[in-house]
>>> print(open('start_11.tsv').read())   # TSV, C-alpha atoms
chain	number	residue	atom	x	y	z
S	7	MET	CA	0.42	-26.08	-6.81
S	8	ALA	CA	0.92	-23.84	-9.83
S	9	GLN	CA	4.35	-23.91	-11.50
S	10	GLN	CA	6.47	-21.21	-9.87
S	11	ILE	CA	8.40	-18.58	-11.79
S	12	THR	CA	11.69	-18.23	-9.94
S	13	TYR	CA	15.37	-18.26	-10.82
S	14	ASP	CA	16.73	-17.85	-7.33
S	15	LYS	CA	16.61	-20.46	-4.58
S	16	ALA	CA	15.69	-17.75	-2.08
S	17	TYR	CA	12.21	-17.60	-3.60
S	18	ASP	CA	11.57	-21.33	-4.04
S	19	ALA	CA	8.13	-22.39	-2.83
S	20	VAL	CA	6.03	-25.47	-2.16
S	21	ALA	CA	2.31	-26.04	-1.89
S	22	PRO	CA	0.76	-24.57	1.30
S	23	GLU	CA	-0.33	-28.03	2.41
S	24	ASP	CA	3.18	-29.47	1.97
S	25	PHE	CA	4.28	-28.96	5.57
S	26	PRO	CA	6.60	-32.01	5.47
S	27	ALA	CA	8.84	-30.03	3.09
S	28	MET	CA	9.48	-27.61	5.97
S	29	LEU	CA	10.77	-30.47	8.14
S	30	GLU	CA	13.42	-31.72	5.74
S	31	VAL	CA	16.74	-31.52	7.55
S	32	PRO	CA	18.87	-30.14	4.67
S	33	ARG	CA	16.46	-27.22	4.28
S	34	TYR	CA	17.46	-25.71	7.62
S	35	GLY	CA	21.06	-25.28	6.48
S	36	ARG	CA	20.19	-23.71	3.12
S	37	ARG	CA	19.53	-20.13	4.18
S	38	SER	CA	19.95	-17.26	1.74
S	39	ASP	CA	21.57	-14.07	3.04
S	40	ALA	CA	19.55	-11.98	0.53
S	41	PHE	CA	17.15	-10.78	3.21
S	42	ASP	CA	19.50	-10.40	6.17
S	43	GLY	CA	19.72	-6.63	5.76
S	44	ILE	CA	15.98	-6.00	5.84
S	45	ILE	CA	15.52	-8.57	8.61
S	46	SER	CA	18.11	-6.94	10.88
S	47	ALA	CA	16.63	-3.50	10.19
S	48	THR	CA	13.39	-4.71	11.78
S	49	HIS	CA	14.79	-3.64	15.15
S	50	ASP	CA	15.50	-0.13	13.88
S	51	HIS	CA	12.00	0.59	12.62
S	52	PHE	CA	10.05	-1.08	15.43
S	53	TRP	CA	7.13	0.95	16.79
S	54	ASP	CA	4.14	0.17	18.98
S	55	PRO	CA	0.69	1.62	18.12
S	56	PHE	CA	-0.33	1.20	21.78
S	57	ASP	CA	2.59	3.21	23.20
S	58	LYS	CA	2.28	7.01	23.29
S	59	SER	CA	6.05	7.29	22.99
S	60	TYR	CA	5.48	6.54	19.32
S	61	ILE	CA	2.00	7.95	18.62
S	62	ASP	CA	-0.81	9.45	20.67
S	63	PHE	CA	-4.23	8.69	19.23
S	64	ASP	CA	-5.95	10.75	21.94
S	65	GLN	CA	-5.05	14.07	20.33
S	66	PRO	CA	-8.35	15.73	19.29
S	67	PHE	CA	-9.44	16.90	15.85
S	68	ASP	CA	-12.70	18.76	15.15
S	69	LEU	CA	-14.27	16.89	12.24
S	70	ALA	CA	-17.27	19.23	12.18
S	71	SER	CA	-15.21	22.31	11.29
S	72	GLN	CA	-11.87	21.04	9.94
S	73	GLN	CA	-11.02	18.90	6.93
S	74	ILE	CA	-8.44	16.20	7.50
S	75	MET	CA	-7.45	16.50	3.84
S	76	PRO	CA	-7.68	19.65	1.67
S	77	SER	CA	-10.39	20.04	-0.95
S	78	ASP	CA	-7.99	19.59	-3.87
S	79	THR	CA	-7.51	15.95	-2.81
S	80	ILE	CA	-11.27	15.25	-2.67
S	81	ILE	CA	-12.49	14.72	-6.22
S	82	GLU	CA	-16.12	15.38	-5.27
S	83	LEU	CA	-15.24	18.84	-3.97
S	84	ARG	CA	-13.52	19.70	-7.24
S	85	CYS	CA	-16.81	19.20	-9.08
S	86	GLU	CA	-19.06	22.27	-9.12
S	87	ALA	CA	-22.21	20.22	-9.71
S	88	VAL	CA	-21.59	18.38	-6.43
S	89	THR	CA	-20.49	21.34	-4.32
S	90	ALA	CA	-23.51	23.36	-5.51
S	91	ARG	CA	-25.75	20.92	-3.65
S	92	LEU	CA	-23.87	21.25	-0.36
S	93	ASP	CA	-23.50	24.03	2.18
S	94	GLU	CA	-20.12	24.78	3.77
S	95	ARG	CA	-20.56	22.43	6.74
S	96	GLN	CA	-21.69	19.63	4.46
S	97	ARG	CA	-18.61	20.08	2.31
S	98	VAL	CA	-16.39	19.69	5.37
S	99	ARG	CA	-18.32	16.62	6.45
S	100	LEU	CA	-18.21	15.09	2.96
S	101	ALA	CA	-14.46	15.68	2.73
S	102	ASN	CA	-13.94	13.86	6.03
S	103	ASP	CA	-16.32	11.07	5.04
S	104	VAL	CA	-14.35	10.51	1.82
S	105	THR	CA	-11.14	10.42	3.88
S	106	HIS	CA	-12.85	7.93	6.20
S	107	TRP	CA	-13.60	5.76	3.15
S	108	SER	CA	-10.03	6.02	1.83
S	109	LEU	CA	-8.44	5.17	5.17
S	110	SER	CA	-10.87	2.29	5.69
S	111	ASN	CA	-9.73	0.79	2.41
S	112	LEU	CA	-6.11	1.32	3.39
S	113	LEU	CA	-6.92	-0.58	6.58
S	114	HIS	CA	-8.46	-3.40	4.55
S	115	GLY	CA	-5.36	-3.34	2.34
S	116	GLU	CA	-3.13	-3.72	5.40
S	117	GLN	CA	-5.22	-6.70	6.50
S	118	GLY	CA	-4.71	-8.19	3.04
S	119	ALA	CA	-0.96	-7.61	3.33
S	120	LEU	CA	-0.98	-9.29	6.76
S	121	SER	CA	-2.82	-12.34	5.45
S	122	LEU	CA	-0.63	-12.53	2.35
S	123	SER	CA	2.59	-12.29	4.39
S	124	ALA	CA	1.34	-15.09	6.60
S	125	SER	CA	0.51	-17.16	3.52
S	126	LEU	CA	4.09	-16.75	2.28
S	127	CYS	CA	5.30	-18.33	5.53
S	128	HIS	CA	3.49	-21.51	4.49
S	129	VAL	CA	5.11	-21.78	1.05
S	130	LEU	CA	8.59	-20.17	1.05
S	131	VAL	CA	11.20	-22.87	1.53
S	132	ASP	CA	14.24	-20.74	2.26
S	133	PRO	CA	14.50	-20.05	6.03
S	134	GLY	CA	15.66	-16.46	5.42
S	135	ALA	CA	12.75	-15.70	3.10
S	136	GLN	CA	10.39	-17.33	5.57
S	137	GLU	CA	11.74	-15.25	8.45
S	138	TYR	CA	11.37	-12.09	6.39
S	139	ALA	CA	7.73	-12.97	5.62
S	140	ALA	CA	7.09	-13.63	9.32
S	141	ASN	CA	8.59	-10.24	10.22
S	142	GLN	CA	6.46	-8.53	7.62
S	143	ALA	CA	3.35	-10.24	8.97
S	144	ARG	CA	4.18	-8.78	12.39
S	145	GLU	CA	4.65	-5.33	10.91
S	146	GLU	CA	1.42	-5.51	8.89
S	147	ALA	CA	-0.38	-6.51	12.09
S	148	ARG	CA	0.71	-3.28	13.77
S	149	HIS	CA	-0.46	-1.33	10.70
S	150	VAL	CA	-3.88	-2.95	11.09
S	151	ALA	CA	-3.84	-2.00	14.77
S	152	GLY	CA	-2.65	1.54	14.01
S	153	PHE	CA	-5.26	2.33	11.35
S	154	THR	CA	-7.97	0.68	13.44
S	155	ARG	CA	-7.09	2.93	16.38
S	156	TYR	CA	-6.92	6.06	14.23
S	157	ILE	CA	-10.28	5.38	12.56
S	158	ALA	CA	-11.83	4.56	15.93
S	159	SER	CA	-10.55	7.86	17.36
S	160	ARG	CA	-12.08	9.89	14.51
S	161	TRP	CA	-15.17	7.97	13.34
S	162	GLY	CA	-15.70	4.99	15.63
S	163	ALA	CA	-15.45	2.18	13.07
S	164	PRO	CA	-14.17	1.61	9.53
S	165	LEU	CA	-16.40	1.53	6.45
S	166	PRO	CA	-16.89	-1.70	4.46
S	167	VAL	CA	-14.21	-2.68	1.96
S	168	GLY	CA	-14.62	-1.47	-1.62
S	169	LYS	CA	-15.48	-4.18	-4.13
S	170	THR	CA	-12.37	-3.66	-6.27
S	171	ILE	CA	-9.81	-3.82	-3.47
S	172	GLU	CA	-11.67	-6.80	-1.97
S	173	THR	CA	-11.49	-8.71	-5.27
S	174	VAL	CA	-7.80	-7.94	-5.77
S	175	LEU	CA	-6.84	-8.83	-2.20
S	176	LYS	CA	-8.78	-12.11	-2.25
S	177	ASP	CA	-7.05	-13.13	-5.46
S	178	LEU	CA	-3.56	-12.23	-4.21
S	179	VAL	CA	-3.94	-13.90	-0.83
S	180	SER	CA	-5.43	-17.12	-2.23
S	181	THR	CA	-3.37	-17.52	-5.43
S	182	PRO	CA	-0.88	-20.40	-5.37
S	183	GLU	CA	1.44	-18.48	-7.72
S	184	VAL	CA	4.11	-16.77	-5.69
S	185	TYR	CA	5.04	-14.31	-8.43
S	186	LYS	CA	1.53	-12.88	-8.26
S	187	LYS	CA	1.81	-12.47	-4.50
S	188	ILE	CA	5.16	-10.69	-4.83
S	189	VAL	CA	4.41	-8.52	-7.87
S	190	GLY	CA	0.80	-7.88	-6.91
S	191	MET	CA	1.20	-7.16	-3.22
S	192	GLN	CA	4.88	-6.46	-2.49
S	193	MET	CA	5.36	-4.23	-5.52
S	194	LEU	CA	2.04	-2.88	-6.80
S	195	ILE	CA	-0.22	-2.68	-3.74
S	196	GLU	CA	2.68	-1.63	-1.50
S	197	GLY	CA	3.75	0.91	-4.14
S	198	ILE	CA	0.25	2.34	-4.34
S	199	ALA	CA	0.15	2.48	-0.55
S	200	MET	CA	3.45	4.39	-0.42
S	201	GLY	CA	2.06	6.93	-2.89
S	202	ALA	CA	-1.11	7.31	-0.81
S	203	PHE	CA	0.84	7.63	2.43
S	204	ALA	CA	3.14	10.23	0.88
S	205	THR	CA	0.09	12.27	-0.13
S	206	PHE	CA	-1.43	12.04	3.36
S	207	ASN	CA	1.91	12.99	4.90
S	208	ALA	CA	2.31	16.05	2.67
S	209	LYS	CA	-1.25	17.36	2.82
S	210	THR	CA	-3.11	16.27	5.96
S	211	ALA	CA	-4.08	18.84	8.60
S	212	ASP	CA	-4.22	16.12	11.27
S	213	PRO	CA	-0.84	15.62	13.01
S	214	VAL	CA	-1.92	12.20	14.29
S	215	LEU	CA	-2.58	10.92	10.77
S	216	ARG	CA	0.71	12.39	9.59
S	217	ARG	CA	2.57	10.62	12.37
S	218	LEU	CA	0.77	7.34	11.65
S	219	VAL	CA	1.58	7.29	7.94
S	220	GLN	CA	5.20	8.22	8.65
S	221	LEU	CA	5.49	5.26	11.00
S	222	VAL	CA	3.83	2.94	8.49
S	223	MET	CA	6.09	4.18	5.68
S	224	SER	CA	9.14	3.27	7.74
S	225	ASP	CA	7.97	-0.36	7.44
S	226	GLU	CA	6.51	-0.27	3.93
S	227	ALA	CA	9.74	0.92	2.36
S	228	PHE	CA	11.27	-2.43	3.36
S	229	HIS	CA	8.26	-4.42	2.18
S	230	HIS	CA	8.48	-2.79	-1.23
S	231	ARG	CA	12.20	-3.59	-1.25
S	232	PHE	CA	11.43	-7.31	-0.85
S	233	GLY	CA	9.51	-7.18	-4.15
S	234	ARG	CA	12.29	-5.26	-5.86
S	235	LEU	CA	14.79	-7.90	-4.71
S	236	TRP	CA	12.64	-10.57	-6.35
S	237	ALA	CA	12.54	-8.56	-9.58
S	238	ALA	CA	16.31	-8.02	-9.58
S	239	LYS	CA	16.94	-11.74	-9.12
S	240	THR	CA	14.21	-13.00	-11.44
S	241	ILE	CA	13.05	-10.75	-14.28
S	242	ARG	CA	16.24	-10.76	-16.37
S	243	HIS	CA	16.28	-14.58	-16.36
S	244	LEU	CA	12.71	-15.12	-17.54
S	245	SER	CA	12.00	-16.85	-20.82
S	246	ASP	CA	9.98	-14.84	-23.35
S	247	GLU	CA	6.88	-16.85	-22.47
S	248	GLU	CA	7.35	-16.32	-18.73
S	249	HIS	CA	8.02	-12.60	-19.15
S	250	LYS	CA	4.86	-12.19	-21.23
S	251	LYS	CA	2.90	-14.00	-18.53
S	252	VAL	CA	4.15	-11.67	-15.77
S	253	GLU	CA	3.94	-8.55	-17.96
S	254	ASP	CA	0.42	-9.20	-19.24
S	255	TRP	CA	-0.91	-10.07	-15.79
S	256	SER	CA	0.64	-6.90	-14.35
S	257	ALA	CA	-0.87	-4.77	-17.13
S	258	GLN	CA	-4.28	-6.32	-16.52
S	259	LEU	CA	-4.04	-5.62	-12.79
S	260	PHE	CA	-2.91	-2.04	-13.47
S	261	GLN	CA	-5.91	-1.31	-15.68
S	262	MET	CA	-8.31	-2.86	-13.19
S	263	LEU	CA	-6.93	-0.66	-10.40
S	264	LEU	CA	-6.74	2.48	-12.54
S	265	PHE	CA	-10.37	2.41	-13.60
S	266	ASN	CA	-12.02	0.74	-10.61
S	267	LEU	CA	-10.03	1.30	-7.41
S	268	ILE	CA	-11.84	4.54	-6.60
S	269	ASN	CA	-15.31	4.94	-8.10
S	270	SER	CA	-18.65	6.42	-7.15
S	271	GLU	CA	-20.53	3.15	-6.76
S	272	GLN	CA	-18.20	2.06	-3.98
S	273	LYS	CA	-18.81	5.34	-2.12
S	274	GLN	CA	-22.62	5.23	-2.25
S	275	VAL	CA	-22.76	4.66	1.52
S	276	ILE	CA	-21.26	8.16	1.87
S	277	TYR	CA	-23.29	9.97	-0.77
S	278	ALA	CA	-26.61	8.78	0.64
S	279	LYS	CA	-25.98	10.89	3.77
S	280	TYR	CA	-26.17	14.02	1.60
S	281	GLY	CA	-29.09	12.99	-0.57
S	282	LEU	CA	-26.79	12.29	-3.52
S	283	HIS	CA	-27.29	9.20	-5.66
S	284	TRP	CA	-24.05	7.54	-6.65
S	285	GLU	CA	-25.01	7.33	-10.34
S	286	TRP	CA	-25.67	11.08	-10.41
S	287	VAL	CA	-22.30	11.74	-8.74
S	288	ARG	CA	-20.60	9.40	-11.21
S	289	ASP	CA	-22.09	11.25	-14.19
S	290	ALA	CA	-21.29	14.65	-12.69
S	291	LEU	CA	-17.67	13.64	-12.13
S	292	LYS	CA	-17.48	12.19	-15.64
S	293	ASP	CA	-18.56	15.50	-17.13
S	294	THR	CA	-15.91	17.35	-15.11
S	295	PHE	CA	-12.99	14.95	-15.05
S	296	GLY	CA	-12.03	13.17	-18.23
S	297	ASP	CA	-8.85	11.58	-19.50
S	298	GLU	CA	-6.98	14.90	-19.60
S	299	GLU	CA	-7.65	15.46	-15.90
S	300	ARG	CA	-6.49	11.91	-15.16
S	301	ARG	CA	-3.28	12.49	-17.12
S	302	ALA	CA	-2.68	15.75	-15.25
S	303	GLN	CA	-3.07	13.96	-11.92
S	304	LEU	CA	-0.57	11.30	-12.99
S	305	LYS	CA	2.08	13.99	-13.36
S	306	GLU	CA	2.19	14.37	-9.56
S	307	SER	CA	5.05	12.38	-8.04
S	308	THR	CA	2.85	10.95	-5.29
S	309	ASN	CA	0.00	9.89	-7.58
S	310	ILE	CA	-0.61	6.25	-6.72
S	311	PHE	CA	-0.92	5.11	-10.33
S	312	ARG	CA	2.25	6.94	-11.37
S	313	VAL	CA	4.05	5.09	-8.56
S	314	LEU	CA	2.55	1.82	-9.79
S	315	ILE	CA	3.81	2.34	-13.36
S	316	LYS	CA	7.21	3.46	-12.10
S	317	THR	CA	7.54	0.31	-10.00
S	318	LEU	CA	6.77	-1.98	-12.94
S	319	LEU	CA	9.04	-0.04	-15.29
S	320	HIS	CA	12.11	-0.05	-13.07
S	321	ALA	CA	11.55	-3.70	-12.17
S	322	GLY	CA	11.96	-4.53	-15.86
S	323	ILE	CA	8.44	-5.93	-16.14
S	324	ILE	CA	7.24	-3.39	-18.74
S	325	THR	CA	8.66	-3.87	-22.26
S	326	SER	CA	7.88	-2.28	-25.61
S	327	ARG	CA	4.92	-4.68	-25.86
S	328	THR	CA	2.89	-3.01	-23.11
S	329	ALA	CA	4.64	0.38	-22.78
S	330	PRO	CA	2.07	2.08	-25.07
S	331	LEU	CA	-0.69	1.08	-22.64
S	332	TYR	CA	0.99	3.07	-19.86
S	333	ALA	CA	2.26	5.85	-22.15
S	334	VAL	CA	-1.35	6.95	-22.62
S	335	TRP	CA	-1.15	8.29	-19.06
S	336	VAL	CA	2.50	9.16	-18.36
S	337	ASP	CA	5.72	10.11	-20.13
S	338	MET	CA	7.62	6.82	-19.95
S	339	GLU	CA	11.01	8.37	-20.77
S	340	GLU	CA	10.54	10.93	-18.02
S	341	LEU	CA	9.59	8.17	-15.60
S	342	LYS	CA	12.65	6.13	-16.55
S	343	ALA	CA	14.93	9.12	-15.98
S	344	GLU	CA	13.59	9.64	-12.45
S	345	GLY	CA	15.25	6.49	-11.13
S	346	ASP	CA	13.59	3.81	-9.01
S	347	ALA	CA	13.08	5.79	-5.80
S	348	ILE	CA	9.42	6.03	-4.84
S	349	PRO	CA	7.52	8.68	-2.85
S	350	GLY	CA	7.86	8.03	0.83
S	351	ASP	CA	11.41	6.64	0.75
S	352	VAL	CA	12.83	9.92	2.10
S	353	VAL	CA	10.13	10.18	4.77
S	354	ALA	CA	10.77	6.55	5.74
S	355	ASP	CA	14.50	7.24	6.12
S	356	GLU	CA	13.80	10.29	8.29
S	357	MET	CA	11.40	8.31	10.48
S	358	LEU	CA	14.02	5.58	10.91
S	359	VAL	CA	16.28	8.15	12.61
S	360	VAL	CA	13.45	9.11	14.98
S	361	LEU	CA	12.62	5.48	15.76
S	362	ARG	CA	16.25	4.57	16.43
S	363	GLU	CA	16.38	7.36	19.02
S	364	ILE	CA	13.10	6.30	20.69
S	365	ASN	CA	14.08	2.63	20.73
S	366	ALA	CA	17.59	3.35	22.03
S	367	LYS	CA	16.07	5.41	24.85
S	368	ARG	CA	13.63	2.60	25.68
S	369	ARG	CA	16.49	0.07	25.80
S	370	ARG	CA	18.46	2.33	28.16
S	371	ILE	CA	15.45	2.72	30.45
S	372	GLY	CA	14.86	-1.03	30.33
S	373	ALA	CA	18.48	-1.76	31.22
S	374	LYS	CA	18.30	0.63	34.19
S	375	ASP	CA	15.11	-1.05	35.42
S	376	VAL	CA	16.75	-4.47	35.21
S	377	ALA	CA	19.85	-3.21	37.04
S	378	ALA	CA	17.71	-1.61	39.76
S	379	ALA	CA	15.79	-4.87	40.25
>>> encode(input="start_11.tsv", output="structure tokens")
Amino acid sequence: MAQQITYDKAYDAVAPEDFPAMLEVPRYGRRSDAFDGIISATHDHFWDPFDKSYIDFDQPFDLASQQIMPSDTIIELRCEAVTARLDERQRVRLANDVTHWSLSNLLHGEQGALSLSASLCHVLVDPGAQEYAANQAREEARHVAGFTRYIASRWGAPLPVGKTIETVLKDLVSTPEVYKKIVGMQMLIEGIAMGAFATFNAKTADPVLRRLVQLVMSDEAFHHRFGRLWAAKTIRHLSDEEHKKVEDWSAQLFQMLLFNLINSEQKQVIYAKYGLHWEWVRDALKDTFGDEERRAQLKESTNIFRVLIKTLLHAGIITSRTAPLYAVWVDMEELKAEGDAIPGDVVADEMLVVLREINAKRRRIGAKDVAAA
């Protein structure tokens, strides 16, 4: 088991194979109250992807004539060299195929989050932290079910996982170092997901997708909060050596995601349908979209990489050592002044109100049924 970086008993961990540590009698009485708030809120943001009271996946959407996402969100359709090779119907189809690819990788990401949450149950010693991880695993499982149902309703089946997200998820799920699980998944991947969901919520033409991401955001806001709790209780206590370790690893992960998360090679299964070779698309996009375009995109509040930097900055992970690496892409002072709220928090809060009403109604109906019996 790798040496853990923690300064709060709530995040203490053991090796996954050390099940006897979970049976030690004193452990049961040492429960942190740090997670009680997000645990109790689980009841408020409960939803069921198989219950039409929450979401109806049977609502139709004409993929042949309508784009799920507008053209300005599809990088291929912002490139004249690509669009010149496609007729209008092909552009609509390509836009929806790219969305299919993006949502498939979000689905794979949710599966990674499910597996990682389950892995935390094996190593977190504190009963409260363990219960939180178990609750999150349950919530990630319904995200997997929800995205699976949505993709099935629109395309039949998901596309294969992209190489970059597969590599990152495998490393985070299998690593014995809990700080990597928490920073990598609970803060960075969840932060990226919140940015992506906020974009889908704001721009999709499909009401079913909008409803799905709103429901998912109502959960993800709490998952991201778990990571921020760790940062608040840990980062300020780190030694210089430990801080450098966390900071450098986070910067490395950021750069890997920035330059490789979405690239043409991973979408070649899509391009082949239109007679486009992925290397040609890559070069065409390179000629059109350089660093200036990337910087412009990172000015948008919902840009996933802006959210990622913001998360690291407000967690105290970024210092003057690595700030210049991020400052190439964003105004760090502007980001600091924005506060630590991330895109999707407001939507999540609004959805919580809706879910409380639905769940309260279901409880009343259930109580009447019991009384009648």
>>> atom_distance(input="start_11.tsv", atom1="CA of Leu341 in chain S", atom2="CA of Gly201 in chain S")
14.8 Å
>>> residues_around(input="start_11.tsv", residues="range 354-371 of chain S", least_positions_apart="2", cutoff="9 Å", atoms="only C-alpha atoms", output="VMD selection string")
chain S and resid 49 to 53 59 to 60 220 to 227 350 to 352 373 to 376
>>> write_last_selection(input="start_11.tsv", atoms="C-alpha atoms", output="compact mmCIF listing (two decimals), keeping the file's coordinate frame")
# COMPACT_ATOMS: atom_id res chain seq x y z
CA HIS S 49 14.79 -3.64 15.15
CA ASP S 50 15.50 -0.13 13.88
CA HIS S 51 12.00 0.59 12.62
CA PHE S 52 10.05 -1.08 15.43
CA TRP S 53 7.13 0.95 16.79
CA SER S 59 6.05 7.29 22.99
CA TYR S 60 5.48 6.54 19.32
CA GLN S 220 5.20 8.22 8.65
CA LEU S 221 5.49 5.26 11.00
CA VAL S 222 3.83 2.94 8.49
CA MET S 223 6.09 4.18 5.68
CA SER S 224 9.14 3.27 7.74
CA ASP S 225 7.97 -0.36 7.44
CA GLU S 226 6.51 -0.27 3.93
CA ALA S 227 9.74 0.92 2.36
CA GLY S 350 7.86 8.03 0.83
CA ASP S 351 11.41 6.64 0.75
CA VAL S 352 12.83 9.92 2.10
CA ALA S 373 18.48 -1.76 31.22
CA LYS S 374 18.30 0.63 34.19
CA ASP S 375 15.11 -1.05 35.42
CA VAL S 376 16.75 -4.47 35.21
>>> closest_residue(input="start_11.tsv", among="S:Ala151, S:Ala163, S:Leu319, S:Ala70", to="Phe56 in chain S", atoms="all atoms listed in the file")
S:Ala151
>>> residues_around(input="start_11.tsv", residues="Gln65 in chain S", least_positions_apart="5", cutoff="10 Å", atoms="only C-alpha atoms", output="JSON list (two decimals) with C-alpha atoms, in the coordinates of the input")
[["chain", "number", "residue", "atom", "x", "y", "z"],
["S", 159, "SER", "CA", -10.55, 7.86, 17.36],
["S", 212, "ASP", "CA", -4.22, 16.12, 11.27],
["S", 213, "PRO", "CA", -0.84, 15.62, 13.01],
["S", 214, "VAL", "CA", -1.92, 12.20, 14.29]]
>>> closest_residue(input="start_11.tsv", among="S:Phe295, S:Phe203, S:Phe311, S:Tyr17", to="Leu259 in chain S", atoms="only C-alpha atoms")
S:Phe311
>>> residues_near_point(input="start_11.tsv", point="(5.9, -7.9, -17.1)", cutoff="8 Å", atoms="all atoms listed in the file", output="number ranges by chain")
S: 249-257, 318, 322-325
>>> atom_distance(input="start_11.tsv", atom1="CA of Pro22 in chain S", atom2="CA of Val129 in chain S")
5.2 Å
>>> closest_residue(input="start_11.tsv", among="S:Phe67, S:Phe153, S:Tyr280, S:Trp335", to="Thr89 in chain S", atoms="all atoms listed in the file")
S:Tyr280
>>> residues_around(input="start_11.tsv", residues="Lys239 in chain S", least_positions_apart="4", cutoff="12 Å", atoms="all atoms listed in the file", output="ChimeraX atom specification")
/S:11-17,40,232-235,243-244,321-322
>>> residues_around(input="start_11.tsv", residues="range 172-187 of chain S", least_positions_apart="6", cutoff="10 Å", atoms="all atoms listed in the file", output="ChimeraX atom specification")
/S:7-12,17-22,111,114-126,129-130,166,193-195,233,236-237,240,252,255-256,259,262-263,267
>>> write_last_selection(input="start_11.tsv", atoms="C-alpha atoms", output="tab-separated table (two decimals), in the frame of the given file")
chain	number	residue	atom	x	y	z
S	7	MET	CA	0.42	-26.08	-6.81
S	8	ALA	CA	0.92	-23.84	-9.83
S	9	GLN	CA	4.35	-23.91	-11.50
S	10	GLN	CA	6.47	-21.21	-9.87
S	11	ILE	CA	8.40	-18.58	-11.79
S	12	THR	CA	11.69	-18.23	-9.94
S	17	TYR	CA	12.21	-17.60	-3.60
S	18	ASP	CA	11.57	-21.33	-4.04
S	19	ALA	CA	8.13	-22.39	-2.83
S	20	VAL	CA	6.03	-25.47	-2.16
S	21	ALA	CA	2.31	-26.04	-1.89
S	22	PRO	CA	0.76	-24.57	1.30
S	111	ASN	CA	-9.73	0.79	2.41
S	114	HIS	CA	-8.46	-3.40	4.55
S	115	GLY	CA	-5.36	-3.34	2.34
S	116	GLU	CA	-3.13	-3.72	5.40
S	117	GLN	CA	-5.22	-6.70	6.50
S	118	GLY	CA	-4.71	-8.19	3.04
S	119	ALA	CA	-0.96	-7.61	3.33
S	120	LEU	CA	-0.98	-9.29	6.76
S	121	SER	CA	-2.82	-12.34	5.45
S	122	LEU	CA	-0.63	-12.53	2.35
S	123	SER	CA	2.59	-12.29	4.39
S	124	ALA	CA	1.34	-15.09	6.60
S	125	SER	CA	0.51	-17.16	3.52
S	126	LEU	CA	4.09	-16.75	2.28
S	129	VAL	CA	5.11	-21.78	1.05
S	130	LEU	CA	8.59	-20.17	1.05
S	166	PRO	CA	-16.89	-1.70	4.46
S	193	MET	CA	5.36	-4.23	-5.52
S	194	LEU	CA	2.04	-2.88	-6.80
S	195	ILE	CA	-0.22	-2.68	-3.74
S	233	GLY	CA	9.51	-7.18	-4.15
S	236	TRP	CA	12.64	-10.57	-6.35
S	237	ALA	CA	12.54	-8.56	-9.58
S	240	THR	CA	14.21	-13.00	-11.44
S	252	VAL	CA	4.15	-11.67	-15.77
S	255	TRP	CA	-0.91	-10.07	-15.79
S	256	SER	CA	0.64	-6.90	-14.35
S	259	LEU	CA	-4.04	-5.62	-12.79
S	262	MET	CA	-8.31	-2.86	-13.19
S	263	LEU	CA	-6.93	-0.66	-10.40
S	267	LEU	CA	-10.03	1.30	-7.41
>>> atom_distance(input="start_11.tsv", atom1="CA of Ile315 in chain S", atom2="CA of Val353 in chain S")
20.7 Å
>>> closest_residue(input="start_11.tsv", among="S:Glu299, S:Gly152, S:Leu291, S:His320", to="Lys58 in chain S", atoms="all atoms listed in the file")
S:Gly152
>>> closest_residue(input="start_11.tsv", among="S:Val287, S:Ile74, S:Ile188, S:Val219", to="Asn207 in chain S", atoms="all atoms listed in the file")
S:Val219
>>> closest_residue(input="start_11.tsv", among="S:Met200, S:Cys85, S:Ile276, S:Ala290", to="Asp103 in chain S", atoms="only C-alpha atoms")
S:Ile276
>>> residues_around(input="start_11.tsv", residues="range 30-35 of chain S", least_positions_apart="3", cutoff="9 Å", atoms="all atoms listed in the file", output="VMD selection string")
chain S and resid 26 to 27 131 to 133
>>> decode(input="start_11.tsv", residues="range 274-279 of chain S", atoms="N, CA, C and O atoms", output="mmCIF file, in the first residue's frame")
data_model
loop_
_atom_site.group_PDB
_atom_site.id
_atom_site.type_symbol
_atom_site.label_atom_id
_atom_site.label_comp_id
_atom_site.auth_asym_id
_atom_site.auth_seq_id
_atom_site.Cartn_x
_atom_site.Cartn_y
_atom_site.Cartn_z
ATOM 1 N N GLN S 274 -12.025 8.302 -35.093
ATOM 2 C CA GLN S 274 -11.918 7.779 -36.459
ATOM 3 C C GLN S 274 -13.069 6.858 -36.825
ATOM 4 O O GLN S 274 -13.456 6.762 -37.995
ATOM 5 N N VAL S 275 -13.686 6.204 -35.819
ATOM 6 C CA VAL S 275 -14.831 5.350 -36.096
ATOM 7 C C VAL S 275 -15.995 6.168 -36.656
ATOM 8 O O VAL S 275 -16.814 5.657 -37.443
ATOM 9 N N ILE S 276 -16.067 7.445 -36.290
ATOM 10 C CA ILE S 276 -17.104 8.339 -36.809
ATOM 11 C C ILE S 276 -16.748 8.828 -38.211
ATOM 12 O O ILE S 276 -17.549 8.746 -39.145
ATOM 13 N N TYR S 277 -15.538 9.336 -38.366
ATOM 14 C CA TYR S 277 -15.142 9.951 -39.621
ATOM 15 C C TYR S 277 -15.211 8.987 -40.803
ATOM 16 O O TYR S 277 -15.524 9.398 -41.932
ATOM 17 N N ALA S 278 -14.930 7.725 -40.542
ATOM 18 C CA ALA S 278 -14.921 6.733 -41.625
ATOM 19 C C ALA S 278 -16.279 6.651 -42.319
ATOM 20 O O ALA S 278 -16.365 6.359 -43.515
ATOM 21 N N LYS S 279 -17.366 6.938 -41.593
ATOM 22 C CA LYS S 279 -18.707 6.880 -42.163
ATOM 23 C C LYS S 279 -18.915 7.940 -43.243
ATOM 24 O O LYS S 279 -19.803 7.824 -44.067
#
